[in-house]
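*Asks:* Below is protein_12.pdb; it holds PDB, C-alpha atoms and all ligand atoms.
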ATOM      1  CA  MET A 670      -9.298 -27.630  65.753  1.00  0.00           C
ATOM      2  CA  SER A 671     -12.838 -28.300  64.635  1.00  0.00           C
ATOM      3  CA  GLU A 672     -15.160 -25.696  63.253  1.00  0.00           C
ATOM      4  CA  PRO A 673     -18.611 -24.983  64.618  1.00  0.00           C
ATOM      5  CA  GLU A 674     -21.175 -27.028  62.758  1.00  0.00           C
ATOM      6  CA  GLY A 675     -22.617 -25.494  59.642  1.00  0.00           C
ATOM      7  CA  ARG A 676     -19.672 -23.235  59.087  1.00  0.00           C
ATOM      8  CA  GLU A 677     -16.728 -23.908  56.828  1.00  0.00           C
ATOM      9  CA  ALA A 678     -13.243 -22.820  57.666  1.00  0.00           C
ATOM     10  CA  PRO A 679     -12.025 -20.300  55.104  1.00  0.00           C
ATOM     11  CA  MET A 680      -9.631 -22.248  52.949  1.00  0.00           C
ATOM     12  CA  ASN A 681      -7.183 -21.141  50.353  1.00  0.00           C
ATOM     13  CA  ALA A 682      -7.179 -23.604  47.497  1.00  0.00           C
ATOM     14  CA  THR A 683      -3.633 -24.452  46.477  1.00  0.00           C
ATOM     15  CA  VAL A 684      -2.151 -26.340  43.572  1.00  0.00           C
ATOM     16  CA  THR A 685       1.516 -26.951  42.753  1.00  0.00           C
ATOM     17  CA  VAL A 686       2.836 -27.769  39.300  1.00  0.00           C
ATOM     18  CA  ARG A 687       6.264 -28.568  37.915  1.00  0.00           C
ATOM     19  CA  VAL A 688       7.195 -26.561  34.862  1.00  0.00           C
ATOM     20  CA  PRO A 689      10.146 -28.072  32.978  1.00  0.00           C
ATOM     21  CA  GLY A 690      10.863 -25.277  30.491  1.00  0.00           C
ATOM     22  CA  ALA A 691       9.928 -21.815  29.264  1.00  0.00           C
ATOM     23  CA  GLU A 692       7.458 -23.146  26.703  1.00  0.00           C
ATOM     24  CA  ASP A 693       5.695 -25.090  29.473  1.00  0.00           C
ATOM     25  CA  MET A 694       5.464 -21.885  31.489  1.00  0.00           C
ATOM     26  CA  ARG A 695       3.731 -20.146  28.577  1.00  0.00           C
ATOM     27  CA  GLU A 696       1.455 -23.160  28.240  1.00  0.00           C
ATOM     28  CA  LEU A 697       0.538 -22.920  31.931  1.00  0.00           C
ATOM     29  CA  GLY A 698      -0.344 -19.248  31.452  1.00  0.00           C
ATOM     30  CA  LEU A 699      -2.437 -20.141  28.451  1.00  0.00           C
ATOM     31  CA  ARG A 700      -4.366 -22.735  30.427  1.00  0.00           C
ATOM     32  CA  LEU A 701      -4.864 -20.349  33.336  1.00  0.00           C
ATOM     33  CA  ALA A 702      -6.228 -17.753  30.942  1.00  0.00           C
ATOM     34  CA  GLY A 703      -9.001 -20.157  29.976  1.00  0.00           C
ATOM     35  CA  GLY A 704     -10.480 -19.748  33.443  1.00  0.00           C
ATOM     36  CA  LEU A 705      -9.961 -16.024  33.849  1.00  0.00           C
ATOM     37  CA  ARG A 706     -12.525 -13.282  33.473  1.00  0.00           C
ATOM     38  CA  ALA A 707     -12.817  -9.540  33.933  1.00  0.00           C
ATOM     39  CA  GLY A 708     -12.024  -8.490  37.486  1.00  0.00           C
ATOM     40  CA  ASP A 709      -9.566 -11.302  38.157  1.00  0.00           C
ATOM     41  CA  LEU A 710      -6.205 -10.501  39.724  1.00  0.00           C
ATOM     42  CA  LEU A 711      -3.008 -12.547  39.562  1.00  0.00           C
ATOM     43  CA  VAL A 712      -0.127 -11.673  41.860  1.00  0.00           C
ATOM     44  CA  LEU A 713       3.159 -13.151  40.632  1.00  0.00           C
ATOM     45  CA  THR A 714       6.087 -13.777  42.944  1.00  0.00           C
ATOM     46  CA  GLY A 715       9.537 -15.071  42.075  1.00  0.00           C
ATOM     47  CA  ASP A 716      13.114 -13.905  41.677  1.00  0.00           C
ATOM     48  CA  LEU A 717      14.394 -12.023  38.672  1.00  0.00           C
ATOM     49  CA  GLY A 718      14.334 -14.497  35.796  1.00  0.00           C
ATOM     50  CA  ALA A 719      11.954 -16.882  37.544  1.00  0.00           C
ATOM     51  CA  GLY A 720       9.470 -16.719  34.682  1.00  0.00           C
ATOM     52  CA  LYS A 721       6.835 -14.166  35.736  1.00  0.00           C
ATOM     53  CA  THR A 722       6.849 -12.383  32.392  1.00  0.00           C
ATOM     54  CA  THR A 723       6.974 -15.689  30.521  1.00  0.00           C
ATOM     55  CA  LEU A 724       3.855 -16.851  32.372  1.00  0.00           C
ATOM     56  CA  THR A 725       2.191 -13.523  31.617  1.00  0.00           C
ATOM     57  CA  GLN A 726       2.961 -14.012  27.910  1.00  0.00           C
ATOM     58  CA  GLY A 727       1.006 -17.267  28.042  1.00  0.00           C
ATOM     59  CA  VAL A 728      -1.880 -15.576  29.807  1.00  0.00           C
ATOM     60  CA  ALA A 729      -1.838 -12.880  27.116  1.00  0.00           C
ATOM     61  CA  GLU A 730      -1.878 -15.467  24.371  1.00  0.00           C
ATOM     62  CA  GLY A 731      -4.811 -17.227  26.022  1.00  0.00           C
ATOM     63  CA  LEU A 732      -6.717 -13.988  26.438  1.00  0.00           C
ATOM     64  CA  LYS A 733      -5.935 -13.023  22.844  1.00  0.00           C
ATOM     65  CA  VAL A 734      -4.722  -9.561  23.718  1.00  0.00           C
ATOM     66  CA  ARG A 735      -2.392  -7.360  21.731  1.00  0.00           C
ATOM     67  CA  GLY A 736       1.273  -7.859  22.584  1.00  0.00           C
ATOM     68  CA  PRO A 737       4.069  -7.823  23.015  1.00  0.00           C
ATOM     69  CA  ILE A 738       4.304  -8.584  26.717  1.00  0.00           C
ATOM     70  CA  THR A 739       7.713  -7.471  27.949  1.00  0.00           C
ATOM     71  CA  SER A 740       9.392  -6.602  31.205  1.00  0.00           C
ATOM     72  CA  PRO A 741       9.138  -2.849  30.927  1.00  0.00           C
ATOM     73  CA  THR A 742      12.099  -0.811  32.051  1.00  0.00           C
ATOM     74  CA  PHE A 743      10.255   2.405  32.776  1.00  0.00           C
ATOM     75  CA  VAL A 744       6.596   1.655  32.271  1.00  0.00           C
ATOM     76  CA  ILE A 745       4.930   0.334  35.396  1.00  0.00           C
ATOM     77  CA  ALA A 746       1.510  -0.615  34.051  1.00  0.00           C
ATOM     78  CA  ARG A 747       0.447  -1.429  30.540  1.00  0.00           C
ATOM     79  CA  VAL A 748      -3.009  -2.150  29.161  1.00  0.00           C
ATOM     80  CA  HIS A 749      -3.168  -4.748  26.394  1.00  0.00           C
ATOM     81  CA  PRO A 750      -6.513  -4.567  24.617  1.00  0.00           C
ATOM     82  CA  SER A 751      -8.280  -7.727  23.531  1.00  0.00           C
ATOM     83  CA  LEU A 752      -8.217  -8.666  19.871  1.00  0.00           C
ATOM     84  CA  ALA A 753     -11.175 -10.965  20.382  1.00  0.00           C
ATOM     85  CA  GLY A 754     -13.793  -8.940  22.228  1.00  0.00           C
ATOM     86  CA  GLY A 755     -12.720 -10.213  25.653  1.00  0.00           C
ATOM     87  CA  PRO A 756     -11.294  -8.411  28.677  1.00  0.00           C
ATOM     88  CA  PRO A 757      -8.024  -6.493  28.294  1.00  0.00           C
ATOM     89  CA  LEU A 758      -4.911  -7.524  30.173  1.00  0.00           C
ATOM     90  CA  VAL A 759      -3.423  -5.029  32.612  1.00  0.00           C
ATOM     91  CA  HIS A 760       0.228  -5.956  33.156  1.00  0.00           C
ATOM     92  CA  VAL A 761       1.848  -4.274  36.137  1.00  0.00           C
ATOM     93  CA  ASP A 762       5.499  -4.493  37.105  1.00  0.00           C
ATOM     94  CA  ALA A 763       5.616  -3.342  40.710  1.00  0.00           C
ATOM     95  CA  TYR A 764       9.379  -3.791  41.091  1.00  0.00           C
ATOM     96  CA  ARG A 765      10.070  -0.079  41.253  1.00  0.00           C
ATOM     97  CA  LEU A 766       7.055   0.794  43.332  1.00  0.00           C
ATOM     98  CA  ASP A 767       7.749   1.876  46.854  1.00  0.00           C
ATOM     99  CA  GLY A 768       4.757   0.850  48.900  1.00  0.00           C
ATOM    100  CA  PHE A 769       1.023   0.502  48.371  1.00  0.00           C
ATOM    101  CA  ALA A 770       0.445   4.239  48.127  1.00  0.00           C
ATOM    102  CA  GLU A 771       2.398   4.316  44.861  1.00  0.00           C
ATOM    103  CA  LEU A 772       0.437   1.386  43.475  1.00  0.00           C
ATOM    104  CA  ASP A 773      -2.771   3.052  44.591  1.00  0.00           C
ATOM    105  CA  ASP A 774      -1.635   6.237  42.853  1.00  0.00           C
ATOM    106  CA  LEU A 775      -1.787   4.438  39.504  1.00  0.00           C
ATOM    107  CA  ASP A 776      -5.559   4.540  39.958  1.00  0.00           C
ATOM    108  CA  LEU A 777      -6.084   1.141  38.453  1.00  0.00           C
ATOM    109  CA  ASP A 778      -9.413   0.396  40.143  1.00  0.00           C
ATOM    110  CA  ALA A 779     -11.581   1.024  37.104  1.00  0.00           C
ATOM    111  CA  GLU A 780      -9.230  -0.913  34.826  1.00  0.00           C
ATOM    112  CA  ILE A 781      -8.997  -3.811  37.249  1.00  0.00           C
ATOM    113  CA  ALA A 782     -12.768  -4.187  37.400  1.00  0.00           C
ATOM    114  CA  GLU A 783     -13.027  -4.702  33.670  1.00  0.00           C
ATOM    115  CA  SER A 784      -9.696  -6.399  32.960  1.00  0.00           C
ATOM    116  CA  VAL A 785      -7.595  -9.364  33.899  1.00  0.00           C
ATOM    117  CA  THR A 786      -4.758  -7.881  35.941  1.00  0.00           C
ATOM    118  CA  VAL A 787      -1.340  -9.480  36.387  1.00  0.00           C
ATOM    119  CA  VAL A 788       1.060  -7.891  38.859  1.00  0.00           C
ATOM    120  CA  GLU A 789       4.715  -8.924  38.838  1.00  0.00           C
ATOM    121  CA  TRP A 790       6.537  -8.310  42.108  1.00  0.00           C
ATOM    122  CA  GLY A 791       3.143  -7.720  43.651  1.00  0.00           C
ATOM    123  CA  ARG A 792       3.480  -9.595  46.907  1.00  0.00           C
ATOM    124  CA  GLY A 793       3.003  -7.320  49.855  1.00  0.00           C
ATOM    125  CA  LEU A 794       1.466  -4.665  47.595  1.00  0.00           C
ATOM    126  CA  ALA A 795      -1.184  -6.026  45.276  1.00  0.00           C
ATOM    127  CA  GLU A 796      -3.200  -7.696  48.029  1.00  0.00           C
ATOM    128  CA  GLY A 797      -4.761  -4.298  48.634  1.00  0.00           C
ATOM    129  CA  LEU A 798      -6.180  -4.239  45.117  1.00  0.00           C
ATOM    130  CA  ALA A 799      -8.693  -7.071  45.508  1.00  0.00           C
ATOM    131  CA  ASP A 800      -9.942  -9.492  48.150  1.00  0.00           C
ATOM    132  CA  ASP A 801     -10.056 -12.351  45.663  1.00  0.00           C
ATOM    133  CA  ARG A 802      -6.843 -13.133  43.853  1.00  0.00           C
ATOM    134  CA  LEU A 803      -4.589 -15.862  42.542  1.00  0.00           C
ATOM    135  CA  GLU A 804      -1.176 -15.781  44.125  1.00  0.00           C
ATOM    136  CA  VAL A 805       1.350 -17.450  41.861  1.00  0.00           C
ATOM    137  CA  VAL A 806       4.703 -18.263  43.408  1.00  0.00           C
ATOM    138  CA  ILE A 807       7.482 -19.366  41.045  1.00  0.00           C
ATOM    139  CA  SER A 808      10.593 -20.964  42.479  1.00  0.00           C
ATOM    140  CA  ARG A 809      13.575 -22.670  40.966  1.00  0.00           C
ATOM    141  CA  ALA A 810      16.547 -24.717  41.993  1.00  0.00           C
ATOM    142  CA  ASP A 811      20.069 -24.010  40.796  1.00  0.00           C
ATOM    143  CA  ASP A 812      21.376 -25.548  37.591  1.00  0.00           C
ATOM    144  CA  THR A 813      18.039 -26.536  36.134  1.00  0.00           C
ATOM    145  CA  GLU A 814      15.418 -24.937  33.949  1.00  0.00           C
ATOM    146  CA  GLU A 815      12.616 -26.513  35.906  1.00  0.00           C
ATOM    147  CA  ARG A 816      10.393 -24.229  37.932  1.00  0.00           C
ATOM    148  CA  THR A 817       7.933 -25.091  40.634  1.00  0.00           C
ATOM    149  CA  VAL A 818       4.780 -23.033  40.498  1.00  0.00           C
ATOM    150  CA  THR A 819       2.427 -22.836  43.436  1.00  0.00           C
ATOM    151  CA  ILE A 820      -0.934 -21.273  42.747  1.00  0.00           C
ATOM    152  CA  ILE A 821      -2.943 -20.160  45.736  1.00  0.00           C
ATOM    153  CA  GLY A 822      -6.529 -19.125  45.266  1.00  0.00           C
ATOM    154  CA  VAL A 823      -7.484 -16.524  47.839  1.00  0.00           C
ATOM    155  CA  GLY A 824     -11.104 -15.618  48.402  1.00  0.00           C
ATOM    156  CA  ALA A 825     -14.476 -17.031  47.464  1.00  0.00           C
ATOM    157  CA  ARG A 826     -13.856 -16.582  43.737  1.00  0.00           C
ATOM    158  CA  TRP A 827     -11.205 -19.316  43.766  1.00  0.00           C
ATOM    159  CA  ALA A 828     -12.445 -21.610  46.490  1.00  0.00           C
ATOM    160  CA  SER A 829     -13.355 -24.529  44.255  1.00  0.00           C
ATOM    161  CA  VAL A 830     -12.248 -23.795  40.718  1.00  0.00           C
ATOM    162  CA  ILE A 831      -8.496 -23.724  41.076  1.00  0.00           C
ATOM    163  CA  GLY A 832      -7.941 -27.424  40.340  1.00  0.00           C
ATOM    164  CA  ASP A 833     -10.034 -27.146  37.172  1.00  0.00           C
ATOM    165  CA  LEU A 834      -7.946 -24.188  36.089  1.00  0.00           C
ATOM    166  CA  VAL A 835      -4.794 -26.221  35.862  1.00  0.00           C
ATOM    167  CA  ASP A 836      -6.321 -29.537  34.735  1.00  0.00           C
ATOM    168  CA  GLY A 837      -8.643 -28.130  32.120  1.00  0.00           C
ATOM    169  CA  SER A 838      -7.438 -27.966  28.557  1.00  0.00           C
TER     170      SER A 838
HETATM  171  N1  LIG A 901      10.794 -23.483  33.235  1.00  0.00           N
HETATM  172  C1  LIG A 901      10.924 -22.204  32.864  1.00  0.00           C
HETATM  173  N2  LIG A 901       9.913 -21.352  33.101  1.00  0.00           N
HETATM  174  C2  LIG A 901      10.011 -20.036  32.778  1.00  0.00           C
HETATM  175  N3  LIG A 901      11.085 -19.486  32.185  1.00  0.00           N
HETATM  176  C3  LIG A 901      12.125 -20.283  31.917  1.00  0.00           C
HETATM  177  C4  LIG A 901      12.092 -21.670  32.240  1.00  0.00           C
HETATM  178  N4  LIG A 901      13.261 -22.205  31.862  1.00  0.00           N
HETATM  179  C5  LIG A 901      13.979 -21.212  31.331  1.00  0.00           C
HETATM  180  N5  LIG A 901      13.315 -20.051  31.347  1.00  0.00           N
HETATM  181  C6  LIG A 901      13.847 -18.748  30.873  1.00  0.00           C
HETATM  182  O1  LIG A 901      13.998 -17.924  32.016  1.00  0.00           O
HETATM  183  C7  LIG A 901      13.706 -16.573  31.691  1.00  0.00           C
HETATM  184  C8  LIG A 901      12.559 -16.053  32.554  1.00  0.00           C
HETATM  185  O2  LIG A 901      12.477 -14.672  32.338  1.00  0.00           O
HETATM  186  P1  LIG A 901      11.210 -13.805  32.727  1.00  0.00           P
HETATM  187  O3  LIG A 901       9.964 -14.524  32.380  1.00  0.00           O
HETATM  188  O4  LIG A 901      11.424 -12.456  32.134  1.00  0.00           O
HETATM  189  O5  LIG A 901      11.372 -13.760  34.325  1.00  0.00           O
HETATM  190  P2  LIG A 901      10.813 -12.691  35.361  1.00  0.00           P
HETATM  191  O6  LIG A 901       9.716 -11.925  34.709  1.00  0.00           O
HETATM  192  O7  LIG A 901      10.346 -13.543  36.515  1.00  0.00           O
HETATM  193  O8  LIG A 901      11.984 -11.840  35.764  1.00  0.00           O
HETATM  194  C9  LIG A 901      13.341 -16.552  30.222  1.00  0.00           C
HETATM  195  O9  LIG A 901      14.489 -16.223  29.493  1.00  0.00           O
HETATM  196  C10 LIG A 901      12.925 -17.993  29.952  1.00  0.00           C
HETATM  197  O10 LIG A 901      13.114 -18.359  28.611  1.00  0.00           O
HETATM  198 MG    MG A 902       9.386  -9.833  34.498  1.00  0.00          MG
END
Kindly present the structure from the file in C-alpha cells form.

*Replies:*
Amino acid sequence: MSEPEGREAPMNATVTVRVPGAEDMRELGLRLAGGLRAGDLLVLTGDLGAGKTTLTQGVAEGLKVRGPITSPTFVIARVHPSLAGGPPLVHVDAYRLDGFAELDDLDLDAEIAESVTVVEWGRGLAEGLADDRLEVVISRADDTEERTVTIIGVGARWASVIGDLVDGS
C-alpha cells in the first residue's frame, strides 16, 4: 500500500545481531550505551537466563554508573548514579509486577526523564512509560550459548539512529 505523497509511513527501525557469548552481550550493551542519553528507555524481553541483566551490565559499564548490576530478588527498581557526570541508570525488574498500575505506582516519571532506564520483563508494561523506546528482544536456541538480539527502535527518537548504535564503536 502506498502512502500519500509527502508523508512517510511510521516505521520502526529494526536491527538484529548475533551474540555468541556472555562477554559479547556485555559488549553490545556497552556499545548501545554510547548512543544513549537522559530520557531514553530500553525494554528488555527474553526468558529467564536469556541475558537481560548481562546486557544491562554492559550498558552500565558504558554509562559509567556505580554497580553492581544484579537481578534483584526483592528490589524492583534501582538507581545507579553516574560516576562520570552523566545520566544515572534506572534498572527495573518488572517480573513481579502485576500490571501497569503497579509500575506506575513506582512513580518513576521524574527519574526516567533524567536517566537512562532499562526495564527487564517490561514488555506489555513499560510501553506506557514513554512513546519512544528501544525494545530489545533476546532469544536463544537450545544447546548453544549464542543469543539472537533484535533491537526495535520505536518512535521518532530512534527512527534513523538505530543502525549507528550497533555499528558505532
Ligand atoms: N550469549 C550470551 N549472552 C548473554 N548471556 C549469556 C550468553 N551465553 C551465556 N550466557 C550466560 O547466561 C546467563 C544470563 O543471565 P542473565 O543475564 O541474568 O539473564 P536474564 O537477566 O535474562 O534472566 C549468564 O549466566 C551468562 O553468563
Ligand atoms: Mg535478569

*Asks:* At a cut-off of 7 Å and counting only C-alpha atoms and all ligand atoms, what residues surround ligand MG 902 (chain A)? Please answer as a VMD selection string.

*Replies:* chain A and resid 717 to 718 720 to 722 740 789

*Asks:* List all protein, DNA and RNA residues that have any atom at most 12 Å from ligand LIG 901 (chain A), counting only C-alpha atoms and all ligand atoms, and write the list as a compact mmCIF listing (two decimals) with C-alpha atoms, in the frame of the given file.

*Replies:*
# COMPACT_ATOMS: atom_id res chain seq x y z
CA VAL A 686 2.84 -27.77 39.30
CA ARG A 687 6.26 -28.57 37.92
CA VAL A 688 7.20 -26.56 34.86
CA PRO A 689 10.15 -28.07 32.98
CA GLY A 690 10.86 -25.28 30.49
CA ALA A 691 9.93 -21.82 29.26
CA GLU A 692 7.46 -23.15 26.70
CA ASP A 693 5.70 -25.09 29.47
CA MET A 694 5.46 -21.88 31.49
CA ARG A 695 3.73 -20.15 28.58
CA GLU A 696 1.46 -23.16 28.24
CA LEU A 697 0.54 -22.92 31.93
CA GLY A 698 -0.34 -19.25 31.45
CA VAL A 712 -0.13 -11.67 41.86
CA LEU A 713 3.16 -13.15 40.63
CA THR A 714 6.09 -13.78 42.94
CA GLY A 715 9.54 -15.07 42.08
CA ASP A 716 13.11 -13.90 41.68
CA LEU A 717 14.39 -12.02 38.67
CA GLY A 718 14.33 -14.50 35.80
CA ALA A 719 11.95 -16.88 37.54
CA GLY A 720 9.47 -16.72 34.68
CA LYS A 721 6.84 -14.17 35.74
CA THR A 722 6.85 -12.38 32.39
CA THR A 723 6.97 -15.69 30.52
CA LEU A 724 3.86 -16.85 32.37
CA THR A 725 2.19 -13.52 31.62
CA GLN A 726 2.96 -14.01 27.91
CA GLY A 727 1.01 -17.27 28.04
CA ILE A 738 4.30 -8.58 26.72
CA THR A 739 7.71 -7.47 27.95
CA SER A 740 9.39 -6.60 31.20
CA PRO A 741 9.14 -2.85 30.93
CA THR A 742 12.10 -0.81 32.05
CA HIS A 760 0.23 -5.96 33.16
CA VAL A 761 1.85 -4.27 36.14
CA ASP A 762 5.50 -4.49 37.10
CA ALA A 763 5.62 -3.34 40.71
CA TYR A 764 9.38 -3.79 41.09
CA VAL A 787 -1.34 -9.48 36.39
CA VAL A 788 1.06 -7.89 38.86
CA GLU A 789 4.72 -8.92 38.84
CA TRP A 790 6.54 -8.31 42.11
CA GLY A 791 3.14 -7.72 43.65
CA VAL A 805 1.35 -17.45 41.86
CA VAL A 806 4.70 -18.26 43.41
CA ILE A 807 7.48 -19.37 41.04
CA SER A 808 10.59 -20.96 42.48
CA ARG A 809 13.58 -22.67 40.97
CA ALA A 810 16.55 -24.72 41.99
CA ASP A 811 20.07 -24.01 40.80
CA ASP A 812 21.38 -25.55 37.59
CA THR A 813 18.04 -26.54 36.13
CA GLU A 814 15.42 -24.94 33.95
CA GLU A 815 12.62 -26.51 35.91
CA ARG A 816 10.39 -24.23 37.93
CA THR A 817 7.93 -25.09 40.63
CA VAL A 818 4.78 -23.03 40.50

*Asks:* Work out how far CA of Glu730 in chain A is from CA of Val759 in chain A, in Å to one decimal.

*Replies:* 13.4 Å

*Asks:* For Ala825 in chain A, which residue out of A:Gly703, A:Gly793, A:Arg747, A:Asp709 is the nearest one, using only C-alpha atoms?

*Replies:*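 Checking each candidate against Ala825 in chain A, we get A:Asp709 as the closest.
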
*Asks:* Given the file shown, determine the residues that the PyMOL selection byres (((chain A and resi 803) around 10) and not hetatm) selects; report them as a list in words.

*Replies:*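 That selection, the PyMOL selection byres (((chain A and resi 803) around 10) and not hetatm), comes back as Asn681, Ala682, Thr683, Asp709, Leu710, Leu711, Val712, Leu713, Val787, Glu796, Asp801, Arg802, Glu804, Val805, Val806, Thr819, Ile820, Ile821, Gly822, Val823, Gly824, Arg826, Trp827 and Ile831 of chain A.
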
*Asks:* Using only C-alpha atoms, which residue out of A:Gly797, A:Arg765, A:Ala779, A:Leu705 lies closest to Val744 in chain A?

*Replies:* A:Arg765

*Asks:* Report, in Å to a single decimal, how far apart CA of Leu794 in chain A and CA of Asp776 in chain A are.

*Replies:*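 Result for CA of Asp776 in chain A versus CA of Leu794 in chain A: 13.9 Å, one decimal.
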
*Asks:* Please compute the CA of Thr786 in chain A-CA of Pro757 in chain A distance, one decimal, in Å.

*Replies:*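 These atoms are spaced 8.4 Å apart.
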
*Asks:* From (-4.1, -8.0, 25.6), in the file's coordinates, out to 8 Å: which residues are reached, counting all atoms listed in the file? Answer as an MDAnalysis selection string.

*Replies:* chainID A and resid 729:730 732:736 748:752 756:759

*Asks:* Store the residues of this selection in a file with C-alpha atoms, as a tab-separated table (two decimals), keeping the file's coordinate frame.

*Replies:*
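For reference, again-v3.tsv as written:
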chain	number	residue	atom	x	y	z
A	729	ALA	CA	-1.84	-12.88	27.12
A	730	GLU	CA	-1.88	-15.47	24.37
A	732	LEU	CA	-6.72	-13.99	26.44
A	733	LYS	CA	-5.94	-13.02	22.84
A	734	VAL	CA	-4.72	-9.56	23.72
A	735	ARG	CA	-2.39	-7.36	21.73
A	736	GLY	CA	1.27	-7.86	22.58
A	748	VAL	CA	-3.01	-2.15	29.16
A	749	HIS	CA	-3.17	-4.75	26.39
A	750	PRO	CA	-6.51	-4.57	24.62
A	751	SER	CA	-8.28	-7.73	23.53
A	752	LEU	CA	-8.22	-8.67	19.87
A	756	PRO	CA	-11.29	-8.41	28.68
A	757	PRO	CA	-8.02	-6.49	28.29
A	758	LEU	CA	-4.91	-7.52	30.17
A	759	VAL	CA	-3.42	-5.03	32.61

*Asks:* Taking all atoms listed in the file into account, name the residue in A:Leu699, A:Val785, A:Val684, A:Ala770 that is nearest to Val830 in chain A.

*Replies:*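 Under the stated criterion, the closest residue is A:Val684.
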